[in-house]
>>> print(open('model_38.txt').read())   # compact mmCIF, C-alpha atoms and all ligand atoms
# COMPACT_ATOMS: atom_id res chain seq x y z
CA ALA A 241 20.94 14.37 -15.41
CA ILE A 242 20.19 14.32 -11.75
CA ASN A 243 22.98 14.06 -9.17
CA MET A 244 23.45 13.95 -5.42
CA SER A 245 24.65 17.56 -5.07
CA GLN A 246 21.24 18.80 -6.26
CA LEU A 247 19.42 16.88 -3.56
CA GLN A 248 18.73 17.93 -0.03
CA LEU A 249 17.94 15.08 2.31
CA GLU A 250 14.79 15.50 4.41
CA ASP A 251 14.60 13.82 7.80
CA GLU A 252 11.75 11.58 6.86
CA GLU A 253 12.56 8.00 5.94
CA LEU A 254 9.71 6.73 3.78
CA GLY A 255 10.39 3.06 4.11
CA LYS A 256 12.78 0.19 4.10
CA GLY A 257 12.67 -2.50 1.47
CA ASN A 258 14.60 -5.70 1.11
CA TYR A 259 17.48 -3.96 -0.62
CA GLY A 260 17.74 -0.51 0.78
CA THR A 261 15.95 2.51 2.06
CA VAL A 262 13.66 5.10 0.53
CA LYS A 263 14.15 8.69 1.68
CA LYS A 264 12.38 11.92 0.97
CA VAL A 265 14.62 14.49 -0.73
CA LEU A 266 14.21 17.97 -2.15
CA HIS A 267 15.54 18.57 -5.66
CA LYS A 268 16.94 22.06 -5.11
CA PRO A 269 17.09 23.32 -8.74
CA THR A 270 13.36 22.65 -9.27
CA ASN A 271 12.08 22.66 -5.68
CA VAL A 272 10.38 19.31 -6.31
CA ALA A 273 10.01 16.80 -3.47
CA MET A 274 11.21 13.37 -4.56
CA ALA A 275 11.55 9.89 -3.15
CA MET A 276 15.08 8.55 -3.45
CA LYS A 277 15.63 4.84 -3.26
CA GLU A 278 19.08 3.63 -2.33
CA ILE A 279 19.94 0.15 -3.54
CA ARG A 280 23.21 -1.27 -2.27
CA LEU A 281 24.87 -3.65 -4.72
CA GLU A 282 28.31 -5.16 -4.79
CA LEU A 283 28.98 -4.67 -8.48
CA ASP A 284 31.75 -3.41 -10.72
CA GLN A 285 31.56 -0.11 -12.56
CA ALA A 286 30.58 -1.67 -15.89
CA LYS A 287 27.57 -3.40 -14.42
CA LEU A 288 26.51 -0.27 -12.57
CA ASN A 289 26.77 1.66 -15.84
CA ALA A 290 24.63 -0.98 -17.55
CA ILE A 291 21.98 -0.61 -14.87
CA ILE A 292 21.86 3.18 -15.22
CA MET A 293 21.51 2.78 -19.00
CA GLU A 294 18.77 0.19 -18.70
CA LEU A 295 16.85 2.36 -16.27
CA ASP A 296 16.70 5.01 -18.96
CA VAL A 297 13.59 3.33 -20.44
CA LEU A 298 11.79 4.67 -17.42
CA HIS A 299 11.89 8.16 -18.93
CA ARG A 300 9.41 6.80 -21.49
CA ALA A 301 7.16 5.24 -18.87
CA VAL A 302 4.99 8.31 -18.58
CA ALA A 303 1.35 7.65 -17.74
CA PRO A 304 -1.12 8.75 -15.06
CA GLU A 305 -0.85 5.29 -13.44
CA ILE A 306 2.95 5.14 -13.30
CA VAL A 307 5.15 6.85 -10.70
CA ASP A 308 7.28 9.48 -12.49
CA PHE A 309 10.94 8.64 -12.82
CA TYR A 310 13.36 11.56 -12.49
CA GLY A 311 16.68 9.80 -12.98
CA ALA A 312 19.26 7.53 -11.41
CA PHE A 313 22.94 7.76 -10.56
CA PHE A 314 25.41 5.75 -8.57
CA ILE A 315 27.97 6.50 -5.91
CA GLU A 316 30.43 3.78 -5.07
CA SER A 317 28.36 0.60 -5.04
CA CYS A 318 24.95 2.17 -4.46
CA VAL A 319 22.38 2.95 -7.11
CA TYR A 320 20.23 5.98 -6.28
CA TYR A 321 16.91 6.06 -7.98
CA CYS A 322 14.80 9.24 -7.89
CA MET A 323 11.06 9.16 -8.39
CA GLU A 324 7.90 11.08 -7.73
CA TYR A 325 7.12 11.45 -4.03
CA MET A 326 3.72 9.91 -3.22
CA ASP A 327 2.44 11.51 -0.03
CA ALA A 328 0.00 8.78 1.06
CA GLY A 329 2.57 5.98 0.77
CA SER A 330 1.94 2.47 -0.41
CA LEU A 331 -1.34 0.63 -0.65
CA ASP A 332 -0.49 -1.91 2.07
CA LYS A 333 -0.71 0.95 4.55
CA LEU A 334 -4.23 1.85 3.42
CA ILE A 335 -5.69 -1.62 3.71
CA GLN A 336 -9.15 -1.61 5.24
CA PRO A 337 -11.34 -4.51 6.30
CA TYR A 338 -13.66 -5.86 3.65
CA SER A 339 -17.18 -4.63 3.51
CA PRO A 340 -19.08 -6.46 0.77
CA ARG A 341 -21.45 -3.60 0.16
CA SER A 342 -18.81 -1.14 -0.85
CA ALA A 343 -16.98 -2.51 -3.82
CA SER A 344 -15.83 1.08 -4.08
CA ALA A 345 -13.45 0.24 -1.26
CA PHE A 346 -11.16 -0.98 -4.03
CA PRO A 347 -10.64 2.14 -6.07
CA ALA A 348 -7.04 1.14 -6.66
CA ALA A 349 -7.95 -1.72 -8.99
CA PRO A 350 -8.78 0.25 -12.17
CA SER A 351 -5.55 2.26 -11.97
CA MET A 352 -3.51 -0.86 -11.34
CA VAL A 353 -4.97 -2.61 -14.40
CA ARG A 354 -4.59 0.47 -16.62
CA GLY A 355 -1.00 0.94 -15.45
CA LEU A 356 -0.08 -2.69 -16.10
CA LYS A 357 -1.78 -2.59 -19.50
CA PHE A 358 0.10 0.58 -20.43
CA LEU A 359 3.45 -0.98 -19.48
CA LYS A 360 2.70 -4.07 -21.55
CA ASP A 361 1.08 -2.49 -24.60
CA ASP A 362 3.20 0.65 -24.95
CA LEU A 363 6.58 -0.43 -23.60
CA ASN A 364 6.41 -4.22 -23.70
CA ILE A 365 7.30 -4.33 -20.01
CA ILE A 366 6.06 -7.03 -17.67
CA HIS A 367 5.98 -5.67 -14.14
CA ARG A 368 7.17 -8.86 -12.35
CA ASP A 369 6.66 -7.54 -8.83
CA VAL A 370 3.01 -6.58 -8.44
CA LYS A 371 2.12 -6.32 -4.74
CA PRO A 372 0.52 -3.73 -2.45
CA THR A 373 3.86 -2.20 -1.39
CA ASN A 374 4.60 -1.40 -5.04
CA VAL A 375 1.40 0.55 -5.52
CA LEU A 376 1.69 4.12 -4.31
CA VAL A 377 -1.02 6.61 -3.56
CA ASN A 378 -1.15 10.37 -3.09
CA ARG A 379 -3.67 12.69 -1.48
CA LYS A 380 -4.84 13.90 -4.86
CA GLY A 381 -6.32 10.41 -5.17
CA GLN A 382 -3.86 9.14 -7.76
CA VAL A 383 -2.85 5.48 -7.65
CA LYS A 384 0.43 4.63 -9.39
CA LEU A 385 2.70 1.66 -9.92
CA CYS A 386 6.40 1.59 -9.16
CA ASP A 387 9.27 -0.90 -8.98
CA PHE A 388 8.74 -2.75 -12.24
CA GLY A 389 11.42 -4.82 -13.89
CA VAL A 390 13.11 -2.77 -16.59
CA SER A 391 16.70 -3.63 -15.91
CA GLY A 392 17.82 -7.21 -16.46
CA GLN A 393 21.12 -6.42 -14.80
CA LEU A 394 19.45 -4.91 -11.76
CA ASP A 395 17.10 -7.90 -11.54
CA LYS A 396 20.02 -10.30 -11.63
CA SER A 397 21.97 -8.34 -9.06
CA MET A 398 19.06 -8.11 -6.65
CA ALA A 399 17.61 -11.57 -7.26
CA ARG A 400 14.28 -9.83 -7.68
CA THR A 401 12.30 -13.03 -7.40
CA ASN A 402 13.17 -12.95 -3.74
CA ILE A 403 11.29 -15.18 -1.38
CA GLY A 404 10.06 -12.75 1.21
CA CYS A 405 7.68 -13.63 4.01
CA GLN A 406 4.76 -12.93 1.68
CA SER A 407 4.90 -14.22 -1.84
CA TYR A 408 2.81 -12.72 -4.62
CA MET A 409 4.40 -14.98 -7.21
CA ALA A 410 2.12 -17.01 -9.47
CA PRO A 411 2.26 -20.82 -9.10
CA GLU A 412 4.09 -21.28 -12.41
CA ARG A 413 6.82 -18.91 -11.27
CA ILE A 414 7.30 -20.74 -7.98
CA ARG A 415 7.54 -24.00 -9.92
CA GLY A 416 10.15 -22.31 -12.07
CA GLU A 417 8.49 -22.93 -15.40
CA SER A 418 9.48 -19.50 -16.61
CA ARG A 419 13.07 -20.63 -16.64
CA VAL A 420 12.38 -23.85 -18.48
CA LEU A 421 10.33 -22.22 -21.19
CA TYR A 422 12.24 -19.06 -21.64
CA GLY A 423 9.97 -16.32 -22.83
CA ALA A 424 7.02 -18.08 -21.26
CA TYR A 425 7.16 -15.65 -18.42
CA THR A 426 4.11 -13.88 -19.58
CA VAL A 427 1.99 -11.05 -18.50
CA SER A 428 -0.48 -13.51 -16.95
CA SER A 429 1.86 -14.10 -14.02
CA ASP A 430 1.30 -10.44 -13.14
CA VAL A 431 -2.46 -10.98 -13.36
CA TRP A 432 -2.21 -13.55 -10.53
CA SER A 433 -0.24 -11.10 -8.39
CA LEU A 434 -2.77 -8.38 -9.16
CA GLY A 435 -5.66 -10.62 -8.06
CA LEU A 436 -3.82 -11.61 -4.90
CA SER A 437 -3.18 -7.95 -4.06
CA ILE A 438 -6.87 -7.10 -4.50
CA ILE A 439 -7.86 -10.05 -2.28
CA GLU A 440 -5.44 -8.74 0.34
CA LEU A 441 -7.14 -5.34 0.15
CA GLY A 442 -10.49 -7.04 0.48
CA LEU A 443 -9.64 -9.32 3.38
CA GLY A 444 -7.55 -6.72 5.14
CA ARG A 445 -4.73 -9.25 5.40
CA TYR A 446 -2.42 -11.35 3.22
CA PRO A 447 -4.49 -14.36 2.07
CA TYR A 448 -1.99 -17.02 3.25
CA PRO A 449 -1.81 -16.09 6.93
CA PRO A 450 1.27 -17.00 8.98
CA GLU A 451 -0.95 -18.67 11.62
CA THR A 452 -1.85 -21.34 9.06
CA TYR A 453 1.32 -21.37 7.01
CA SER A 454 4.04 -21.30 9.60
CA ASN A 455 6.92 -21.08 7.17
CA VAL A 456 7.70 -19.92 3.65
CA PHE A 457 7.81 -23.48 2.36
CA ALA A 458 4.28 -24.23 3.60
CA GLN A 459 3.06 -21.01 2.04
CA LEU A 460 4.65 -21.69 -1.34
CA THR A 461 3.35 -25.26 -1.30
CA ALA A 462 -0.16 -23.93 -0.71
CA ILE A 463 0.18 -21.49 -3.61
CA VAL A 464 1.33 -24.24 -5.97
CA HIS A 465 -0.84 -27.17 -4.80
CA GLY A 466 -3.76 -25.63 -2.91
CA PRO A 467 -6.92 -24.10 -4.30
CA PRO A 468 -6.50 -20.46 -5.32
CA PRO A 469 -7.46 -17.92 -2.66
CA CYS A 470 -10.70 -16.00 -3.08
CA LEU A 471 -12.85 -13.43 -1.33
CA PRO A 472 -15.61 -14.80 0.90
CA SER A 473 -18.53 -14.99 -1.46
CA GLY A 474 -22.29 -14.52 -1.68
CA PRO A 475 -24.00 -16.71 -2.86
CA PRO A 476 -24.30 -15.59 -5.57
CA PRO A 477 -20.74 -14.30 -5.89
CA SER A 478 -20.64 -10.57 -6.43
CA SER A 479 -19.08 -9.14 -9.56
CA LEU A 480 -16.01 -8.24 -7.49
CA GLU A 481 -15.57 -11.86 -6.41
CA ASP A 482 -15.96 -13.00 -10.00
CA TRP A 483 -13.38 -10.43 -11.15
CA VAL A 484 -10.89 -11.67 -8.59
CA ASN A 485 -11.58 -15.32 -9.50
CA ARG A 486 -10.72 -14.54 -13.11
CA CYS A 487 -7.27 -13.43 -11.99
CA MET A 488 -6.71 -16.37 -9.66
CA LYS A 489 -6.61 -19.27 -12.10
CA LYS A 490 -3.86 -21.78 -11.38
CA GLU A 491 -3.42 -22.26 -15.14
CA PRO A 492 -1.87 -19.05 -16.58
CA LEU A 493 -3.65 -19.33 -19.94
CA GLU A 494 -7.03 -19.32 -18.21
CA ARG A 495 -6.44 -15.98 -16.51
CA ALA A 496 -8.20 -12.88 -17.79
CA THR A 497 -6.34 -10.33 -19.90
CA TYR A 498 -6.10 -6.69 -18.82
CA LYS A 499 -8.63 -5.78 -21.51
CA GLU A 500 -11.09 -8.33 -20.14
CA LEU A 501 -10.53 -7.11 -16.60
CA LEU A 502 -11.24 -3.52 -17.61
CA GLU A 503 -14.38 -4.53 -19.48
CA HIS A 504 -15.66 -6.76 -16.66
CA PRO A 505 -18.91 -5.55 -15.03
CA TRP A 506 -17.15 -4.92 -11.71
CA LEU A 507 -14.83 -2.29 -13.14
CA ARG A 508 -17.35 -0.92 -15.60
CA ASN A 509 -19.87 -0.38 -12.83
CA ASN A 510 -17.20 0.95 -10.55
CA ALA A 511 -16.33 3.55 -13.16
CA ALA A 512 -20.02 4.39 -13.49
CA LEU A 513 -20.21 4.93 -9.74
CA ASP A 514 -17.45 7.48 -10.22
CA VAL A 515 -15.59 6.53 -7.06
CA ASP A 516 -14.15 9.50 -5.23
CA VAL A 517 -10.62 8.22 -4.81
CA GLU A 518 -9.43 11.44 -3.25
CA ARG A 519 -11.96 11.01 -0.47
CA TRP A 520 -11.09 7.34 -0.11
CA VAL A 521 -7.41 8.18 0.37
CA ARG A 522 -8.28 10.93 2.85
CA CYS A 523 -10.41 8.54 4.93
CA ALA A 524 -7.82 5.78 4.75
CA VAL A 525 -5.01 8.12 5.82
CA GLN A 526 -7.16 9.37 8.70
CA ALA A 527 -8.00 5.83 9.79
CA ARG A 528 -4.29 5.03 9.70
CA THR A 529 -3.26 7.95 11.88
CA ARG A 530 -6.03 7.40 14.43
CA PRO A 531 -4.60 5.64 17.48
CA ILE A 532 -5.60 1.99 17.82
CA ARG A 533 -7.76 1.45 20.88
P1 LIG B 601 9.81 -3.07 -1.18
O1 LIG B 601 11.18 -3.66 -1.40
O2 LIG B 601 9.06 -3.69 -0.04
O3 LIG B 601 9.00 -2.93 -2.43
P2 LIG B 601 10.71 -0.35 -1.33
O4 LIG B 601 12.15 -0.33 -0.99
O5 LIG B 601 10.34 -0.23 -2.77
O6 LIG B 601 10.03 -1.62 -0.66
O7 LIG B 601 9.96 0.80 -0.55
C1 LIG B 601 9.82 0.75 0.83
C2 LIG B 601 8.65 1.63 1.24
O8 LIG B 601 8.96 3.01 0.97
C3 LIG B 601 7.38 1.36 0.47
O9 LIG B 601 6.62 0.33 1.05
C4 LIG B 601 6.64 2.70 0.54
O10 LIG B 601 5.83 2.77 1.69
C5 LIG B 601 7.79 3.71 0.61
N1 LIG B 601 7.97 4.35 -0.69
C6 LIG B 601 8.59 3.80 -1.77
N2 LIG B 601 8.60 4.63 -2.82
C7 LIG B 601 7.92 5.75 -2.42
C8 LIG B 601 7.54 7.00 -3.08
N3 LIG B 601 7.85 7.24 -4.35
N4 LIG B 601 6.85 7.90 -2.34
C9 LIG B 601 6.50 7.64 -1.07
N5 LIG B 601 6.81 6.51 -0.41
C10 LIG B 601 7.52 5.57 -1.06
>>> encode(input="model_38.txt", output="structure tokens")
Amino acid sequence: AINMSQLQLEDEELGKGNYGTVKKVLHKPTNVAMAMKEIRLELDQAKLNAIIMELDVLHRAVAPEIVDFYGAFFIESCVYYCMEYMDAGSLDKLIQPYSPRSASAFPAAPSMVRGLKFLKDDLNIIHRDVKPTNVLVNRKGQVKLCDFGVSGQLDKSMARTNIGCQSYMAPERIRGESRVLYGAYTVSSDVWSLGLSIIELGLGRYPYPPETYSNVFAQLTAIVHGPPPCLPSGPPPSSLEDWVNRCMKKEPLERATYKELLEHPWLRNNAALDVDVERWVRCAVQARTRPIR
């Protein structure tokens, strides 16, 4: 098992989330660079132990589309979670403005769908927090998911369904139906969040902009009562727009399944185009580091 004495802290802070910070560390025994997430929780020892045990499932979550998990430990009331270091960071930092002619600007989509399908089919895990900051990319061109809900205790302690300034929650989750019909929290809520994330990539901004929705309440009201967001379309709508529309159904049962999304012409043709994701990441990282004029 991994522990703090094996880790050497690098200067670089990779990011700050709602619950703690992510730092780059070196695992000295193996010389592997890792990302260590520190989550501060005010919990007793028994609950912390339960969290560490529940996180153990992550050792089985091994797939090309899932960020590798190396182990977790706690010190005092902090949980430290060690995972694969992804050197191009999260997808939100690679967002580029939409150009309708290059559907290949969305090379993250196939990996996201395959990753979500793997979690569901092989481990019976629903992600519950699909959004661009939870999709990580590296310079090898790999796109991987992280931060999925495997620990009920950790979820409870962090109130994972947090209302941040940008909500990716499906309408039925905002309305709280998942609590009424326990077990009805289905995989289709993740499909909404997936569609919303792809629209954000396409538009180059979160689809419910703060200029229009001046507070969280207005935003959540629009998600529940307004028409679903979409990408500006044709006519006729491109296969990408159709793909996104199949994710963004207000009624969960009408949303596409992962299988349908993978078999949809947009992803099939995308695969045929053989998108060079490595190049895409390289260009996006370059664009990011270029000074804004
Ligand atoms: P959030 O709560 O917004 O999901 P996190 O605490 O999970 O944020 O992570 C904060 C930021 O740290 C992410 O947006 C990402 O840019 C960076 N980060 C997280 N995990 C990794 C990783 N494994 N490798 C590289 N960067 C990471």
>>> residues_near_ligand(input="model_38.txt", ligand="ligand LIG 601 (chain B)", cutoff="10 Å", atoms="all atoms listed in the file", output="JSON, numbers by chain")
{"A": [253, 254, 255, 256, 257, 258, 259, 260, 261, 262, 263, 264, 273, 274, 275, 276, 277, 278, 279, 307, 308, 309, 321, 322, 323, 324, 325, 326, 327, 328, 329, 330, 331, 332, 333, 369, 370, 371, 372, 373, 374, 375, 376, 377, 378, 384, 385, 386, 387, 388, 400, 402, 404]}
>>> closest_residue(input="model_38.txt", among="A:Trp483, A:Phe346, A:Phe457, A:Phe313", to="Ser407 (chain A)", atoms="all atoms listed in the file")
A:Phe457
>>> atom_distance(input="model_38.txt", atom1="CA of Asp296 (chain A)", atom2="CA of Asp362 (chain A)")
15.4 Å
>>> residues_around(input="model_38.txt", residues="Lys490 (chain A)", least_positions_apart="2", cutoff="7 Å", atoms="only C-alpha atoms", output="short mmCIF file (atom, residue, chain, number, x, y, z; two decimals) with C-alpha atoms, keeping the file's coordinate frame")
data_model
loop_
_atom_site.label_atom_id
_atom_site.label_comp_id
_atom_site.auth_asym_id
_atom_site.auth_seq_id
_atom_site.Cartn_x
_atom_site.Cartn_y
_atom_site.Cartn_z
CA PRO A 411 2.26 -20.82 -9.10
CA PRO A 468 -6.50 -20.46 -5.32
CA MET A 488 -6.71 -16.37 -9.66
CA PRO A 492 -1.87 -19.05 -16.58
#
>>> closest_residue(input="model_38.txt", among="A:Ser473, A:Thr461, A:Thr426, A:Gln248", to="Gly442 (chain A)", atoms="all atoms listed in the file")
A:Ser473
>>> closest_residue(input="model_38.txt", among="A:Leu359, A:Ile365, A:Met409, A:Ala303", to="Ser429 (chain A)", atoms="all atoms listed in the file")
A:Met409
>>> atom_distance(input="model_38.txt", atom1="CA of Ser478 (chain A)", atom2="CA of Pro505 (chain A)")
10.1 Å
>>> closest_residue(input="model_38.txt", among="A:Ala349, A:Ile292, A:Val464, A:Cys487", to="Glu305 (chain A)", atoms="only C-alpha atoms")
A:Ala349
